[in-house]
Amino acid sequence: MPHYRRFSDASVSEKILDTMFLITIGLGYLFALAHTFFSHEGRDGQPGLSVEDVKIAYYGEHQQTRLGAALNGAMAGNLDNDEQKQVIVDWIEDGTDKARFEVDVAPILNSNCIACHSAESGMGLPALTSYEEVKKLTHADTGASVQSLVRVSHIHLFGIAFILFFVGRIFILCEMPVLTKRITVAVPFLAILIDILSWYITKAIPGFAFVVVIAGGLMGISLTIQILVSLYQMWLYKPKVEPIEM
Ligand code: HEC
């Protein structure tokens with residue numbers, strides 16, 4: 001029988017090192033969760049983080065444009081009436097024609113918006129004084145760009161692989177049924193791979209947002225279990241002493 005190392009074989013210094021590492025990783029993970037919360041929370045207009053927010057982050061709100069969102073939100077009060085809003089919204093939906101802009105849209109913007117939205121106002125807001133400037137605010141929101149997803153993917157994969165590897169190395173010193181251990185060390189890796197893959201799928205198919213959430217949650221849960229079980233077994237758990245065969 002080969003002898004595999006267990007926590008009972010580890011020196012106190014090794015256990016202190018492992019403990020400090022696991023606590024630091026655990027804290028880092030909590031900050032990562034907080035970061036996820038603050039960067040996606042409220043995208044759908046509701047407080048708190050939901051699957052809808054995740055969908056908007058990756059897929060975007062295809063019918064929604066910065067101009068349309070502003071007119072439905074904080075800027076609504078700057079219009080004289082709802083008809084004006086409808087004129088601008090219809091113009092966006094019909095494809096932002098230039099001639100129609102000059103006739104229908106520009107007069108509304110000139111009388112209601114450019115006092116603030118112009119270079120002269122000095123307020124640093126997007127200018128609404130020309131067709132080109134307004135058009136820039138009418139591109140549909142298609143979520144995170146593939147380029148930004150690629151950037152975040154490679155950072156996540158490299159960083160998280162190290163974290164999961166070292167946490168897993170510590171965790172395999174625990175005592176437990178082999179099958180449980182084999183599954184527990186593999187699950188977080190599979191979860192992060194599925195999570196990252198599903199970012200790209202969600203960009204194309206918004207219904208996939210729930211996979212992002214489930215896979216992310218599964219990674220978090222399995223990492224937490226590995227950290228807590230390792231800390232428990234390292235310091236508190238007394239392995240059963242094998243009866244010596246006579
Ligand atoms: C009294 C000054 C003022 C007027 C008038 C005004 N805005 Fe604004 N607008 C702001 C400020 C300040 C912001 C940035 C803060 C915010 O988003 O609430 C803003 C933000 C916006 C944005 C969002 C820009 C972005 O970065 O996505 C759009 C679009 C916009 N306004 C359009 C309009 C339109 C259209 C009108 C006319 C119907 C208008 N605004 C009238 C002050 C004004």
# chains A, B, ... in the order shown; residues from 1 in each chain; ligands from 1
>>> closest_atom_pairs(of="chain A", to="ligand 1", cutoff="7 Å", atoms="only C-alpha atoms and all ligand atoms", output="Markdown table")
| residue | atom | partner | partner_atom_place_in_ligand_line | distance |
| --- | --- | --- | --- | --- |
| A:Arg66 | CA | ligand 1 | 27 (O) | 4.8 |
| A:Leu67 | CA | ligand 1 | 29 (C) | 3.9 |
| A:Ala70 | CA | ligand 1 | 29 (C) | 4.8 |
| A:Leu71 | CA | ligand 1 | 35 (C) | 6.0 |
| A:Ala74 | CA | ligand 1 | 18 (O) | 5.4 |
| A:Met75 | CA | ligand 1 | 40 (N) | 5.0 |
| A:Ala76 | CA | ligand 1 | 38 (C) | 6.6 |
| A:Asn78 | CA | ligand 1 | 38 (C) | 4.7 |
| A:Leu79 | CA | ligand 1 | 38 (C) | 4.7 |
| A:Leu109 | CA | ligand 1 | 37 (C) | 5.4 |
| A:Asn112 | CA | ligand 1 | 37 (C) | 4.7 |
| A:Cys113 | CA | ligand 1 | 37 (C) | 3.4 |
| A:Ile114 | CA | ligand 1 | 5 (C) | 6.6 |
| A:Ala115 | CA | ligand 1 | 5 (C) | 5.8 |
| A:Cys116 | CA | ligand 1 | 2 (C) | 4.4 |
| A:His117 | CA | ligand 1 | 7 (N) | 6.1 |
| A:Leu125 | CA | ligand 1 | 13 (C) | 6.3 |
| A:Pro126 | CA | ligand 1 | 24 (C) | 5.9 |
| A:Leu137 | CA | ligand 1 | 29 (C) | 6.4 |
>>> residues_around(residues="Ala191 in chain A", least_positions_apart="3", cutoff="8 Å", atoms="only C-alpha atoms", output="list in words")
Val187, Pro188, Ile194, Asp195, Ala215, Gly216, Leu218 and Met219 of chain A
>>> residues_around(residues="range 19-28 of chain A", least_positions_apart="6", cutoff="7 Å", atoms="only C-alpha atoms", output="tab-separated table (two decimals) with N, CA, C and O atoms, in the first residue's frame")
chain	number	residue	atom	x	y	z
A	167	VAL	N	-5.20	25.32	-3.28
A	167	VAL	CA	-6.23	24.97	-2.29
A	167	VAL	C	-6.49	23.45	-2.38
A	167	VAL	O	-6.60	22.77	-1.36
A	227	ILE	N	-11.86	24.92	1.63
A	227	ILE	CA	-11.13	25.74	2.61
A	227	ILE	C	-11.58	25.36	4.03
A	227	ILE	O	-10.75	25.09	4.92
A	231	LEU	N	-9.34	23.48	6.94
A	231	LEU	CA	-9.01	24.13	8.22
A	231	LEU	C	-9.47	23.29	9.40
A	231	LEU	O	-8.76	23.12	10.39
>>> closest_atom_pairs(of="range 24-58 of chain A", to="range 196-214 of chain A", cutoff="9 Å", atoms="only C-alpha atoms", output="JSON lines")
{"residue": "A:Ser50", "atom": "CA", "partner": "A:Val213", "partner_atom": "CA", "distance": 8.9}
{"residue": "A:Val51", "atom": "CA", "partner": "A:Phe210", "partner_atom": "CA", "distance": 6.0}
{"residue": "A:Glu52", "atom": "CA", "partner": "A:Ala209", "partner_atom": "CA", "distance": 7.6}
{"residue": "A:Asp53", "atom": "CA", "partner": "A:Ala209", "partner_atom": "CA", "distance": 8.9}
{"residue": "A:Val54", "atom": "CA", "partner": "A:Ala209", "partner_atom": "CA", "distance": 6.0}
{"residue": "A:Lys55", "atom": "CA", "partner": "A:Ala209", "partner_atom": "CA", "distance": 5.1}
{"residue": "A:Ile56", "atom": "CA", "partner": "A:Pro206", "partner_atom": "CA", "distance": 8.1}
{"residue": "A:Ala57", "atom": "CA", "partner": "A:Lys203", "partner_atom": "CA", "distance": 8.6}
{"residue": "A:Tyr58", "atom": "CA", "partner": "A:Lys203", "partner_atom": "CA", "distance": 4.9}
>>> atom_distance(atom1="CA of Gly95 in chain A", atom2="CA of Leu128 in chain A")
17.4 Å
>>> closest_residue(among="A:Val105, A:Leu223, A:Leu149, A:Ile88", to="Ile163 in chain A", atoms="only C-alpha atoms")
A:Leu223
>>> atom_distance(atom1="CA of Ala34 in chain A", atom2="CA of Phe165 in chain A")
23.0 Å
>>> residues_around(residues="Arg182 in chain A", least_positions_apart="6", cutoff="12 Å", atoms="only C-alpha atoms", output="list in words")
Gly168, Arg169, Phe171, Ile172, Cys174, Glu175, Met176, Pro188 and Gln226 of chain A
>>> atom_distance(atom1="CA of Thr224 in chain A", atom2="CA of Val185 in chain A")
11.9 Å
>>> closest_residue(among="A:Val150, A:Ile92, A:Ala106, A:Ile155", to="Ser130 in chain A", atoms="only C-alpha atoms")
A:Ala106
>>> residues_around(residues="Glu132 in chain A", least_positions_apart="3", cutoff="12 Å", atoms="only C-alpha atoms", output="ChimeraX atom specification")
/A:96-98,101-102,106,126-129,135-139
>>> write_last_selection(atoms="N, CA, C and O atoms", output="mmCIF file, in the first residue's frame")
data_model
loop_
_atom_site.group_PDB
_atom_site.id
_atom_site.type_symbol
_atom_site.label_atom_id
_atom_site.label_comp_id
_atom_site.auth_asym_id
_atom_site.auth_seq_id
_atom_site.Cartn_x
_atom_site.Cartn_y
_atom_site.Cartn_z
ATOM 1 N N THR A 96 -32.219 56.104 -37.436
ATOM 2 C CA THR A 96 -31.449 57.358 -37.287
ATOM 3 C C THR A 96 -31.088 58.023 -38.625
ATOM 4 O O THR A 96 -29.917 58.299 -38.905
ATOM 5 N N ASP A 97 -32.112 58.285 -39.400
ATOM 6 C CA ASP A 97 -31.926 58.953 -40.695
ATOM 7 C C ASP A 97 -31.481 60.406 -40.499
ATOM 8 O O ASP A 97 -31.973 61.112 -39.615
ATOM 9 N N LYS A 98 -30.541 60.858 -41.337
ATOM 10 C CA LYS A 98 -29.963 62.193 -41.130
ATOM 11 C C LYS A 98 -30.949 63.325 -41.450
ATOM 12 O O LYS A 98 -31.077 64.285 -40.681
ATOM 13 N N PHE A 101 -33.437 63.684 -38.854
ATOM 14 C CA PHE A 101 -32.856 64.263 -37.634
ATOM 15 C C PHE A 101 -32.976 65.779 -37.674
ATOM 16 O O PHE A 101 -33.464 66.407 -36.728
ATOM 17 N N GLU A 102 -32.549 66.367 -38.824
ATOM 18 C CA GLU A 102 -32.544 67.830 -38.920
ATOM 19 C C GLU A 102 -33.954 68.406 -38.775
ATOM 20 O O GLU A 102 -34.149 69.422 -38.126
ATOM 21 N N ALA A 106 -33.560 67.546 -34.183
ATOM 22 C CA ALA A 106 -32.689 68.662 -33.792
ATOM 23 C C ALA A 106 -33.440 69.800 -33.082
ATOM 24 O O ALA A 106 -32.959 70.303 -32.065
ATOM 25 N N PRO A 126 -21.952 64.622 -22.979
ATOM 26 C CA PRO A 126 -21.929 64.370 -24.420
ATOM 27 C C PRO A 126 -22.722 65.474 -25.135
ATOM 28 O O PRO A 126 -23.833 65.795 -24.723
ATOM 29 N N ALA A 127 -22.123 66.056 -26.171
ATOM 30 C CA ALA A 127 -22.784 67.148 -26.899
ATOM 31 C C ALA A 127 -23.918 66.586 -27.749
ATOM 32 O O ALA A 127 -23.835 65.466 -28.252
ATOM 33 N N LEU A 128 -25.006 67.362 -27.869
ATOM 34 C CA LEU A 128 -26.145 66.946 -28.695
ATOM 35 C C LEU A 128 -26.391 67.989 -29.771
ATOM 36 O O LEU A 128 -27.516 68.227 -30.181
ATOM 37 N N THR A 129 -25.289 68.635 -30.222
ATOM 38 C CA THR A 129 -25.447 69.765 -31.132
ATOM 39 C C THR A 129 -25.315 69.397 -32.603
ATOM 40 O O THR A 129 -25.541 70.221 -33.455
ATOM 41 N N LYS A 135 -25.786 60.668 -32.987
ATOM 42 C CA LYS A 135 -25.783 59.304 -33.507
ATOM 43 C C LYS A 135 -24.930 58.371 -32.637
ATOM 44 O O LYS A 135 -25.261 57.203 -32.453
ATOM 45 N N LYS A 136 -23.828 58.920 -32.114
ATOM 46 C CA LYS A 136 -22.960 58.103 -31.260
ATOM 47 C C LYS A 136 -23.700 57.538 -30.053
ATOM 48 O O LYS A 136 -23.302 56.517 -29.495
ATOM 49 N N LEU A 137 -24.749 58.226 -29.623
ATOM 50 C CA LEU A 137 -25.495 57.768 -28.434
ATOM 51 C C LEU A 137 -26.644 56.849 -28.799
ATOM 52 O O LEU A 137 -27.460 56.492 -27.959
ATOM 53 N N THR A 138 -26.720 56.479 -30.108
ATOM 54 C CA THR A 138 -27.859 55.654 -30.519
ATOM 55 C C THR A 138 -27.440 54.253 -30.942
ATOM 56 O O THR A 138 -28.227 53.525 -31.534
ATOM 57 N N HIS A 139 -26.192 53.869 -30.649
ATOM 58 C CA HIS A 139 -25.809 52.487 -30.940
ATOM 59 C C HIS A 139 -26.421 51.582 -29.894
ATOM 60 O O HIS A 139 -26.413 51.916 -28.713
#
>>> decode(residues="range 151-235 of chain A", atoms="C-alpha atoms", output="PDB file, in the first residue's frame")
ATOM      1  CA  ARG A 151      -9.021  39.922 -21.458  1.00  0.00           C
ATOM      2  CA  VAL A 152     -10.983  38.947 -18.349  1.00  0.00           C
ATOM      3  CA  SER A 153     -10.994  35.250 -19.375  1.00  0.00           C
ATOM      4  CA  HIS A 154      -7.239  34.893 -19.592  1.00  0.00           C
ATOM      5  CA  ILE A 155      -6.674  36.713 -16.312  1.00  0.00           C
ATOM      6  CA  HIS A 156      -9.334  34.575 -14.603  1.00  0.00           C
ATOM      7  CA  LEU A 157      -8.098  31.269 -16.007  1.00  0.00           C
ATOM      8  CA  PHE A 158      -4.463  31.849 -15.058  1.00  0.00           C
ATOM      9  CA  GLY A 159      -5.228  33.293 -11.649  1.00  0.00           C
ATOM     10  CA  ILE A 160      -7.969  30.900 -10.636  1.00  0.00           C
ATOM     11  CA  ALA A 161      -6.078  27.806 -11.832  1.00  0.00           C
ATOM     12  CA  PHE A 162      -3.320  28.650  -9.324  1.00  0.00           C
ATOM     13  CA  ILE A 163      -5.775  29.285  -6.519  1.00  0.00           C
ATOM     14  CA  LEU A 164      -7.700  26.066  -7.131  1.00  0.00           C
ATOM     15  CA  PHE A 165      -4.514  24.059  -7.531  1.00  0.00           C
ATOM     16  CA  PHE A 166      -2.972  25.143  -4.221  1.00  0.00           C
ATOM     17  CA  VAL A 167      -6.230  24.966  -2.295  1.00  0.00           C
ATOM     18  CA  GLY A 168      -6.779  21.488  -3.799  1.00  0.00           C
ATOM     19  CA  ARG A 169      -3.234  20.367  -2.854  1.00  0.00           C
ATOM     20  CA  ILE A 170      -3.990  21.281   0.743  1.00  0.00           C
ATOM     21  CA  PHE A 171      -7.455  19.737   0.644  1.00  0.00           C
ATOM     22  CA  ILE A 172      -6.166  16.334  -0.512  1.00  0.00           C
ATOM     23  CA  LEU A 173      -4.413  16.000   2.850  1.00  0.00           C
ATOM     24  CA  CYS A 174      -7.883  15.562   4.416  1.00  0.00           C
ATOM     25  CA  GLU A 175      -9.286  12.177   5.411  1.00  0.00           C
ATOM     26  CA  MET A 176     -12.483  11.203   3.575  1.00  0.00           C
ATOM     27  CA  PRO A 177     -13.847   8.606   1.155  1.00  0.00           C
ATOM     28  CA  VAL A 178     -11.706   8.699  -1.998  1.00  0.00           C
ATOM     29  CA  LEU A 179     -14.597   9.250  -4.377  1.00  0.00           C
ATOM     30  CA  THR A 180     -15.770  12.340  -2.463  1.00  0.00           C
ATOM     31  CA  LYS A 181     -12.266  13.721  -2.553  1.00  0.00           C
ATOM     32  CA  ARG A 182     -11.746  13.037  -6.261  1.00  0.00           C
ATOM     33  CA  ILE A 183     -14.987  14.771  -7.175  1.00  0.00           C
ATOM     34  CA  THR A 184     -14.417  17.713  -4.824  1.00  0.00           C
ATOM     35  CA  VAL A 185     -11.014  18.583  -6.311  1.00  0.00           C
ATOM     36  CA  ALA A 186     -12.308  18.413  -9.903  1.00  0.00           C
ATOM     37  CA  VAL A 187     -15.592  20.304  -9.512  1.00  0.00           C
ATOM     38  CA  PRO A 188     -14.289  23.893  -9.087  1.00  0.00           C
ATOM     39  CA  PHE A 189     -12.105  23.570 -12.206  1.00  0.00           C
ATOM     40  CA  LEU A 190     -15.035  22.301 -14.265  1.00  0.00           C
ATOM     41  CA  ALA A 191     -17.247  25.041 -12.819  1.00  0.00           C
ATOM     42  CA  ILE A 192     -14.868  27.874 -13.740  1.00  0.00           C
ATOM     43  CA  LEU A 193     -14.426  26.484 -17.265  1.00  0.00           C
ATOM     44  CA  ILE A 194     -18.193  26.287 -17.736  1.00  0.00           C
ATOM     45  CA  ASP A 195     -18.615  29.733 -16.164  1.00  0.00           C
ATOM     46  CA  ILE A 196     -16.187  31.415 -18.557  1.00  0.00           C
ATOM     47  CA  LEU A 197     -17.489  29.531 -21.588  1.00  0.00           C
ATOM     48  CA  SER A 198     -21.024  30.603 -20.672  1.00  0.00           C
ATOM     49  CA  TRP A 199     -20.020  34.304 -20.705  1.00  0.00           C
ATOM     50  CA  TYR A 200     -19.475  33.948 -24.455  1.00  0.00           C
ATOM     51  CA  ILE A 201     -22.622  31.898 -24.984  1.00  0.00           C
ATOM     52  CA  THR A 202     -24.643  34.463 -23.001  1.00  0.00           C
ATOM     53  CA  LYS A 203     -23.327  37.189 -25.282  1.00  0.00           C
ATOM     54  CA  ALA A 204     -25.117  35.412 -28.127  1.00  0.00           C
ATOM     55  CA  ILE A 205     -27.959  33.673 -26.256  1.00  0.00           C
ATOM     56  CA  PRO A 206     -29.213  35.764 -23.303  1.00  0.00           C
ATOM     57  CA  GLY A 207     -31.069  32.803 -21.754  1.00  0.00           C
ATOM     58  CA  PHE A 208     -27.685  31.351 -20.833  1.00  0.00           C
ATOM     59  CA  ALA A 209     -27.152  33.949 -18.106  1.00  0.00           C
ATOM     60  CA  PHE A 210     -28.422  31.497 -15.508  1.00  0.00           C
ATOM     61  CA  VAL A 211     -25.564  29.089 -16.353  1.00  0.00           C
ATOM     62  CA  VAL A 212     -23.081  31.884 -15.581  1.00  0.00           C
ATOM     63  CA  VAL A 213     -24.710  32.279 -12.189  1.00  0.00           C
ATOM     64  CA  ILE A 214     -24.976  28.550 -11.393  1.00  0.00           C
ATOM     65  CA  ALA A 215     -21.414  27.722 -12.492  1.00  0.00           C
ATOM     66  CA  GLY A 216     -20.015  30.729 -10.627  1.00  0.00           C
ATOM     67  CA  GLY A 217     -21.969  29.714  -7.528  1.00  0.00           C
ATOM     68  CA  LEU A 218     -20.777  26.113  -7.785  1.00  0.00           C
ATOM     69  CA  MET A 219     -17.162  27.247  -7.952  1.00  0.00           C
ATOM     70  CA  GLY A 220     -17.650  29.434  -4.905  1.00  0.00           C
ATOM     71  CA  ILE A 221     -19.368  26.718  -2.913  1.00  0.00           C
ATOM     72  CA  SER A 222     -16.774  24.064  -3.716  1.00  0.00           C
ATOM     73  CA  LEU A 223     -13.886  26.425  -2.945  1.00  0.00           C
ATOM     74  CA  THR A 224     -15.505  27.353   0.383  1.00  0.00           C
ATOM     75  CA  ILE A 225     -16.036  23.690   1.273  1.00  0.00           C
ATOM     76  CA  GLN A 226     -12.405  22.849   0.497  1.00  0.00           C
ATOM     77  CA  ILE A 227     -11.131  25.736   2.615  1.00  0.00           C
ATOM     78  CA  LEU A 228     -13.392  25.046   5.604  1.00  0.00           C
ATOM     79  CA  VAL A 229     -12.935  21.259   5.622  1.00  0.00           C
ATOM     80  CA  SER A 230      -9.155  21.669   5.316  1.00  0.00           C
ATOM     81  CA  LEU A 231      -9.008  24.133   8.217  1.00  0.00           C
ATOM     82  CA  TYR A 232     -11.214  21.882  10.337  1.00  0.00           C
ATOM     83  CA  GLN A 233      -9.245  18.719   9.656  1.00  0.00           C
ATOM     84  CA  MET A 234      -5.906  20.457  10.065  1.00  0.00           C
ATOM     85  CA  TRP A 235      -6.525  21.678  13.609  1.00  0.00           C
TER      86      TRP A 235
END
